[in-house]
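A quick write-up on the structure given underneath.
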Amino acid sequence: MDITVFKSKKLVVVGLVLLILIWLATSPLYASSSNIRLLSTILMYIILAVSWAMFSGPTGYMSLAPAAFFGVGIYTAAFLYARGSPLLPLPAVIVAACAISFVIALLVGLVTLRLKGIYFAIFSFGLIVLLGLIVQYWENQIIGRRGQHVVAESTETVFYVMLAILVATLLVAYFLRRSRWGMAMLSIGGNEEAAAHMGVNTTMVKVFTFAISATFMGAVGAIMATRWIYVDPSTAFNPMYSFMPVLMAVFGGMGQLYGPVLGAAVFAYLERMLRHEFPAYYMIVFGVILIIVVLFLPGGLVGLIPKLRDRLRGVIAKLRKGGQAEQHANT
Amino acid sequence: MPILEGQGVTKNFGGLAAVSNVDFHVDQGEIAGLIGPNGAGKTTLFNLISAAHPLSSGVIRFKGEKLNGLKPHQICRMGVARTFQEIKLFGNMPVLQNVLVGAFFGTPTRISAADAAREANQALEFVGMSAMAATLVQDLTLVNQKRVEVARALATRPELLLLDELMAGLNATEISEAMELVTRIRDKGITIFMVEHVMKAIMGICERVMVLHHGEKIAEGTPQEIVTNKEVIEIYLGEETRAAS
Amino acid sequence: MIESLPSIIIGGILMGSIYALIAMGLSLQYGVARVINLAHGEFIMIGAILTWMLYTSFGVNPLLSVAIVGPFLLVIGFILHRTLFTSLRTKAPSQGAFEGSSLLIAFGFIFILQNIAILIWGGNVKAYSYLNFPVRFLGTTFAANRLVAFALVIAIGVAFFFFLTRTRLGKAIRAAAQDPATAGLMGVNINRVLPLCFGLGAFLAGLAGVLLSMSRAISATMGLSYTIIALIVVALGGLGSIPGSFIGGFILGIIGSIVSFWQPALSMIVFYGIFLILLLVRPTGILGKK
């Protein structure tokens with residue numbers, strides 16, 4: 001009885017996801033250009049939030065580096081897909097962005113993840129500024145010009161590439177979570193020393209997962225560059241792109257895959273609405289929300305659902321008991 | 001035939017020698033005990049064997065192979081498993097998943113999901129926790145948490161099991177059950193090396209006992225010999241009254 | 001203008017004194033209050049902007065601002081820790097979870113404080129002139145405000161040393177830094193000492209902000225770089241070691257001065273390089289424990 005209910009629930013979820021994907025894939029046909037752009041932005045944030053949660057969720061190692069890898073992707077496109085003289089076709093540029101982000105994350109991970117968590121936090125935080133400075137130096141000394149122009153891609157192309165990256169990210173996140181690799185990561189988050197003593201190669205698990213998550217951040221940066229067209233170190237390496245994914249994933253809840261997706265959709269939309277009317281205010285509100293969620297709702301929205309469900313069950317049980325008592329009284 | 005041996009094992013923390021030039025061995029198939037007052041270096045010695053800390057000097061061998069420089073996960077895969085004084089269960093998983101981690105990663109070769117599940121269930125059954133497989137570890141009583149820790153260690157298919165103060169905090173009945181469990185583990189062919197304060201367990205099931213004091217090994221022998229050893233009695237004079245209560 | 005070696009070294013020492021100050025503050029917050037305060041730079045920024053505002057709008061002498069801005073930030077830091085991090089400490093399931101959560105909170109604070117500053121004072125660069133006349137000595141020339149800042153940092157460093165080693169409160173702080181649980185058992189009121197240390201860290205940051213504003217231009221977004229420098233210095237000096245942070249600040253200041261002479265844009269990158277090498281070779285830092 002239980003298993004069939006479980007299986008049919010799964011089919012419903014899969015069906016729902018497919019429907020959403022089909023709706024998304026066909027939306028350029030009937031939606032306006034500006035709505036497609038909004039959707040692209042939402043997809044971008046979902047990818048960033050999900051890939052951040054891929055590593056930081058189970059292991060508990062808070063990475064603040066998404067903006068750094070996002071910037072790496074942007075500048076990979078800036079150098080390999082420059083307007084007027086692109087060196088590679090777009091798919092190759094995306095793959096290059098993935099590869100470069102992977103390698104940088106691998107190196108950072110190998111140096112910092114074998115030490116206490118605080119070193120990783122410091123380095124991941126500083127990475128945004130470090131890479132921005134390196135690019136800035138490179139532009140000043142070698143190129144002689146600040147900012148680069150990227151080949152402009154159409155709204156539809158950007159959207160479809162983003163969608164493809166999203167599907168890839170979600171698939172990897174889903175299978176990672178269910179695999180023994182995902183269990184290893186959870187064990188690291190549960191008690192890293194015990195995990196190591198039960199045979200988990202904690203350093204390798206952390207480093208590779210971190211590198212894989214960085215891959216998607218780089219990919220999304222590369223395609224975003226073709227929409228922004230002009231990029232410079234301060235717009236490419238912007239701490240906002242670390243803050244927003246973190247806020248989204250923490251708010252949505254990292255216990256389930258759809259938590260960051262939910263959080264990303266909510267805050268991407270909110271940002272779009274608030275950014276023009278209340279430029280600095282909305283950031284303050286978002287920051288306060290992050291703090292409130294961390295303090296009072298560490299499981300995020302996703303963590304709230306079991307609690308609400310238990311409360312609901314309790315209420316229903318009480319009502320039933322009341323009804324039964326009435327029945328007994330009446331007989 | 002020693003399955004585990006150490007020569008000149010020393011560990012310095014800053015200026016303090018936690019373990020000082022200790023020679024020890026554990027024979028295959030025996031239940032060996034390690035006792036000593038608090039701060040004697042017992043858990044440190046365990047941490048040196050399992051590579052939680054690196055040795056300052058000396059050498060430790062498991063089945064003839066040097067453990068120096070290896071990482072904890074490598075030592076686990078060689079066949080050494082342990083439990084911890086402060087229970088280190090994975091608080092973010094239920095009981096079965098805790099044991100599954102050991103089953104999946106504790107073996108040197110890749111194991112299929114089906115085999116791992118079987119190992120884990122067998123281990124849980126062995127310690128008597130099958131009924132609580134889906135329980136979250138925070139909801140377990142102390143003795144059950146210890147059972148899960150043992151099951152998790154057993155799921156890694158060890159040949160040597162290090163038990164760090166398994167009986168601490170247990171009542172008399174639970175201690176007897178734990179003693180029986182340890183004996184059953186040994187009867188499966190697993191060598192046991194246990195740190196204990198509970199003398200009933202040491203006297204009851206250990207075949208050989210080592211005594212540490214201020215990081216040095218001061219006595220070694222059967223439980224009977226240890227209990228009548230003058231030096232041991234002296235250092236425990238204060239401890240004995242506390243242990244008996 | 002030819003930079004002489006004494007000029008480079010002294011310039012490095014002057015800058016290093018500021019680094020030492022901000023690193024000490026961060027070290028107090030991490031070593032005792034166990035919070036990795038990523039928003040440390042923002043406290044520096046608040047100190048700087050408040051000083052600027054007090055001077056340009058009300059003519060308050062920046063050196064006097066020390067007595068206003070300092071206590072203000074001390075109180076703010078104390079309240080923040082008491083309200084946010086203290087409850088987190090009791091709620092968090094483990095030390096690792098506490099560090100992770102407090103990291104996120106501090107991260108959120110960066111954006112809150114930065115944007116409050118932008119709202120109140122705008123995002124543009126500000127500066128004022130105070131004690132800006134040149135002082136000649138040892139064949140070098142430096143602005144008087146930088147020398148005054150240095151003197152103040154030394155004074156604060158000495159005062160802090162005596163505070164930590166001679167006073168009861170100071171010893172309580174050092175005990176709490178070693179082991180908060182045991183210190184609590186020995187009668188140290190952890191729920192007062194930890195927020196106090198966090199507040200003291202903010203106090204030192206604010207002070208650094210006052211001193212920085214005297215000799216350089218400031219803005220609402222200036223904080224991030226200083227936070228990173230402070231983090232690198234704290235790691236260099238040894239996590240949790242306040243004397244280490246003090247010394248590390250001067251070391252980094254001198255190195256930065258040398259690099260700036262050769263290639264100004266590279267100084268921060270060199271700092272990172274030093275940090276990387278440190279992590280590879282000796283993560284515990286110069287004076288780090290265990």
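Letters for chains follow the order of the structure tokens (A, B, ...), residue numbers begin at 1 for each chain, and ligand numbers begin at 1 in the order shown.
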Each residue of chain C with at least one atom at most 7 Å from chain A should appear once, together with its nearest atom pair and the corresponding distance in Å (one decimal); atoms considered: only C-alpha atoms; ordering: chain, then increasing residue number; output as a Markdown table.
| residue | atom | partner | partner_atom | distance |
| --- | --- | --- | --- | --- |
| C:Leu88 | CA | A:Leu295 | CA | 6.6 |
| C:Ala97 | CA | A:Gly60 | CA | 7.0 |
| C:Gly100 | CA | A:Met62 | CA | 5.9 |
| C:Ser101 | CA | A:Val294 | CA | 6.4 |
| C:Ile105 | CA | A:Ile291 | CA | 5.2 |
| C:Gly108 | CA | A:Gly287 | CA | 4.7 |
| C:Phe109 | CA | A:Gly287 | CA | 6.5 |
| C:Phe111 | CA | A:Gly287 | CA | 6.2 |
| C:Ile112 | CA | A:Ile284 | CA | 4.5 |
| C:Asn115 | CA | A:Ala280 | CA | 5.3 |
| C:Leu119 | CA | A:Ala280 | CA | 6.4 |
| C:Ile228 | CA | A:Gly126 | CA | 6.2 |
| C:Leu231 | CA | A:Ile122 | CA | 6.9 |
| C:Ala265 | CA | A:Tyr137 | CA | 6.7 |
| C:Ile269 | CA | A:Leu130 | CA | 6.4 |
| C:Leu279 | CA | A:Val111 | CA | 6.8 |
| C:Leu280 | CA | A:Val111 | CA | 6.5 |
Could the residues in this selection be written to a file with N, CA and C atoms, as a compact mmCIF listing (two decimals), in the first residue's frame?
# COMPACT_ATOMS: atom_id res chain seq x y z
N LEU C 88 22.03 32.21 19.09
CA LEU C 88 22.49 31.22 18.12
C LEU C 88 23.38 30.20 18.80
N ALA C 97 28.02 24.09 13.19
CA ALA C 97 26.77 24.71 12.75
C ALA C 97 26.72 26.16 13.20
N GLY C 100 28.98 28.18 10.95
CA GLY C 100 28.35 28.36 9.64
C GLY C 100 27.23 29.38 9.69
N SER C 101 26.37 29.26 10.68
CA SER C 101 25.24 30.20 10.76
C SER C 101 25.70 31.61 11.07
N ILE C 105 25.09 35.15 8.99
CA ILE C 105 24.54 36.37 9.57
C ILE C 105 25.49 37.54 9.32
N GLY C 108 25.22 38.62 5.80
CA GLY C 108 24.04 39.44 5.56
C GLY C 108 24.25 40.86 6.05
N PHE C 109 24.99 40.97 7.16
CA PHE C 109 25.22 42.28 7.74
C PHE C 109 25.98 43.21 6.82
N PHE C 111 25.68 43.60 3.70
CA PHE C 111 24.78 44.27 2.77
C PHE C 111 23.83 45.22 3.48
N ILE C 112 23.44 44.83 4.69
CA ILE C 112 22.55 45.72 5.45
C ILE C 112 23.28 47.02 5.77
N ASN C 115 24.19 49.27 2.71
CA ASN C 115 23.07 49.97 2.10
C ASN C 115 22.46 51.02 3.03
N LEU C 119 22.09 54.81 1.90
CA LEU C 119 20.83 55.56 2.03
C LEU C 119 21.04 56.88 2.77
N ILE C 228 39.01 41.80 4.25
CA ILE C 228 39.87 40.75 3.71
C ILE C 228 41.28 40.88 4.25
N LEU C 231 41.27 39.59 7.73
CA LEU C 231 41.22 38.13 7.76
C LEU C 231 42.58 37.53 7.47
N ALA C 265 49.10 48.16 -7.92
CA ALA C 265 47.88 47.37 -8.09
C ALA C 265 48.03 45.94 -7.59
N ILE C 269 46.87 41.45 -4.21
CA ILE C 269 47.09 40.12 -4.78
C ILE C 269 48.25 39.44 -4.07
N LEU C 279 48.59 28.91 4.06
CA LEU C 279 47.70 27.77 4.19
C LEU C 279 48.39 26.48 3.79
N LEU C 280 49.32 26.58 2.85
CA LEU C 280 49.99 25.38 2.39
C LEU C 280 51.07 24.95 3.37
From stretch 32-179 of chain B, collect each residue whose DSSP state is alpha helix (DSSP H) and return the set as a count of residues only.
63
For atom CA of B:Val80 and atom CA of B:Arg157, the interatomic separation in Å (one decimal)
8.6 Å
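Distance annotation: of B:Val101, B:Leu160, B:Ala151, B:Ile202, the residue with the minimal separation from B:Leu181 is B:Ala151; atom set is only C-alpha atoms.
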Distance cut-off 10 Å, counting only C-alpha atoms - which residues of chain B neighbour chain A? Return them as a PyMOL selection string.
chain B and resi 50-52+71-84+87-93+97-108+113+149+152-156
Who sits within 7 Å of C:Ile110, only C-alpha atoms, same chain under 4 positions skipped, as number ranges by chain:
C: 39, 42, 106, 114
Residues of stretch 21-244 of chain B in strand (DSSP E or B), written as an MDAnalysis selection string
chainID B and resid 21:27 31:35 57:62 65:66 80:82 94 136 160:164 191:195 208:213 216:221
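Look at C:Ala151: the protein and nucleic acid residues within 12 Å of it, using only C-alpha atoms and passing over chain neighbours fewer than 3 places away, are Ile13, Leu14, Met15, Ser17, Ile18, Leu21, Leu63, Ala144, Asn145, Arg146, Leu147, Val148, Ile154, Ala155, Ile156, Gly157, Val158 and Leu211 of chain C.
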Selection export as a PDB file, in the first residue's frame, atoms kept: N, CA and C atoms:
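Done, and the output landed in result_27.pdb:
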ATOM      1  N   ILE C  13      55.140  50.710   8.098  1.00  0.00           N
ATOM      2  CA  ILE C  13      54.825  50.642   9.528  1.00  0.00           C
ATOM      3  C   ILE C  13      53.574  51.448   9.850  1.00  0.00           C
ATOM      4  N   LEU C  14      53.481  52.607   9.220  1.00  0.00           N
ATOM      5  CA  LEU C  14      52.300  53.443   9.467  1.00  0.00           C
ATOM      6  C   LEU C  14      51.031  52.726   9.011  1.00  0.00           C
ATOM      7  N   MET C  15      51.085  52.171   7.785  1.00  0.00           N
ATOM      8  CA  MET C  15      49.912  51.454   7.296  1.00  0.00           C
ATOM      9  C   MET C  15      49.683  50.200   8.120  1.00  0.00           C
ATOM     10  N   SER C  17      50.184  49.738  11.146  1.00  0.00           N
ATOM     11  CA  SER C  17      49.563  49.989  12.435  1.00  0.00           C
ATOM     12  C   SER C  17      48.042  49.925  12.312  1.00  0.00           C
ATOM     13  N   ILE C  18      47.527  50.426  11.201  1.00  0.00           N
ATOM     14  CA  ILE C  18      46.085  50.346  10.967  1.00  0.00           C
ATOM     15  C   ILE C  18      45.675  48.885  10.782  1.00  0.00           C
ATOM     16  N   LEU C  21      45.493  47.187  14.033  1.00  0.00           N
ATOM     17  CA  LEU C  21      44.315  47.569  14.791  1.00  0.00           C
ATOM     18  C   LEU C  21      43.086  46.788  14.338  1.00  0.00           C
ATOM     19  N   LEU C  63      39.957  63.654  16.365  1.00  0.00           N
ATOM     20  CA  LEU C  63      40.525  62.962  17.509  1.00  0.00           C
ATOM     21  C   LEU C  63      39.505  62.885  18.636  1.00  0.00           C
ATOM     22  N   ALA C 144      51.084  64.563   8.877  1.00  0.00           N
ATOM     23  CA  ALA C 144      51.006  64.511  10.340  1.00  0.00           C
ATOM     24  C   ALA C 144      49.897  63.588  10.804  1.00  0.00           C
ATOM     25  N   ASN C 145      48.784  63.556  10.058  1.00  0.00           N
ATOM     26  CA  ASN C 145      47.664  62.734  10.524  1.00  0.00           C
ATOM     27  C   ASN C 145      48.041  61.259  10.565  1.00  0.00           C
ATOM     28  N   ARG C 146      48.889  60.823   9.650  1.00  0.00           N
ATOM     29  CA  ARG C 146      49.300  59.408   9.663  1.00  0.00           C
ATOM     30  C   ARG C 146      50.173  59.109  10.868  1.00  0.00           C
ATOM     31  N   LEU C 147      51.015  60.070  11.237  1.00  0.00           N
ATOM     32  CA  LEU C 147      51.877  59.863  12.396  1.00  0.00           C
ATOM     33  C   LEU C 147      51.054  59.860  13.675  1.00  0.00           C
ATOM     34  N   VAL C 148      50.078  60.749  13.724  1.00  0.00           N
ATOM     35  CA  VAL C 148      49.197  60.778  14.891  1.00  0.00           C
ATOM     36  C   VAL C 148      48.440  59.455  15.004  1.00  0.00           C
ATOM     37  N   ILE C 154      49.632  52.675  18.738  1.00  0.00           N
ATOM     38  CA  ILE C 154      50.572  52.161  19.725  1.00  0.00           C
ATOM     39  C   ILE C 154      50.005  52.325  21.125  1.00  0.00           C
ATOM     40  N   ALA C 155      49.435  53.497  21.364  1.00  0.00           N
ATOM     41  CA  ALA C 155      48.855  53.744  22.685  1.00  0.00           C
ATOM     42  C   ALA C 155      47.757  52.724  22.986  1.00  0.00           C
ATOM     43  N   ILE C 156      46.901  52.500  21.993  1.00  0.00           N
ATOM     44  CA  ILE C 156      45.811  51.536  22.177  1.00  0.00           C
ATOM     45  C   ILE C 156      46.371  50.136  22.383  1.00  0.00           C
ATOM     46  N   GLY C 157      47.385  49.792  21.619  1.00  0.00           N
ATOM     47  CA  GLY C 157      47.984  48.466  21.753  1.00  0.00           C
ATOM     48  C   GLY C 157      48.533  48.243  23.146  1.00  0.00           C
ATOM     49  N   VAL C 158      49.234  49.228  23.638  1.00  0.00           N
ATOM     50  CA  VAL C 158      49.800  49.120  24.990  1.00  0.00           C
ATOM     51  C   VAL C 158      48.682  49.030  26.023  1.00  0.00           C
ATOM     52  N   LEU C 211      40.708  56.829  12.229  1.00  0.00           N
ATOM     53  CA  LEU C 211      42.087  57.130  11.829  1.00  0.00           C
ATOM     54  C   LEU C 211      42.246  57.104  10.314  1.00  0.00           C
TER      55      LEU C 211
END
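The two atoms in question, atom CA of B:Val150 and atom CA of B:Gln85, are spaced 12.0 Å apart.
Take the candidates B:Val26, B:Val9, B:Ile233, B:Leu136 and check each one against B:Leu162 using only C-alpha atoms; the shortest distance goes to B:Val26.
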Do you know which residues are at most 12 Å from B:Met1 counting only C-alpha atoms, after dropping those on the same chain fewer than 4 positions away, and could you put them as a ChimeraX atom specification?
/B:5,25-30,62-64,191
Would you pick out the contacts of stretch 133-139 of chain C at 12 Å or less, using only C-alpha atoms, so that residues sharing its chain but fewer than 4 positions from it are not included, and give the list as a list in words?
Ile2, Glu3, Ser4, Leu5, Pro6, Ser7, Ile8, Ile9, Ile10, Ser129, Ala143, Ala144, Asn145, Arg146, Leu147, Val148, Met214 and Ser215 of chain C
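Atom CA of A:Gly252 sits 26.3 Å away from atom CA of A:Thr235.
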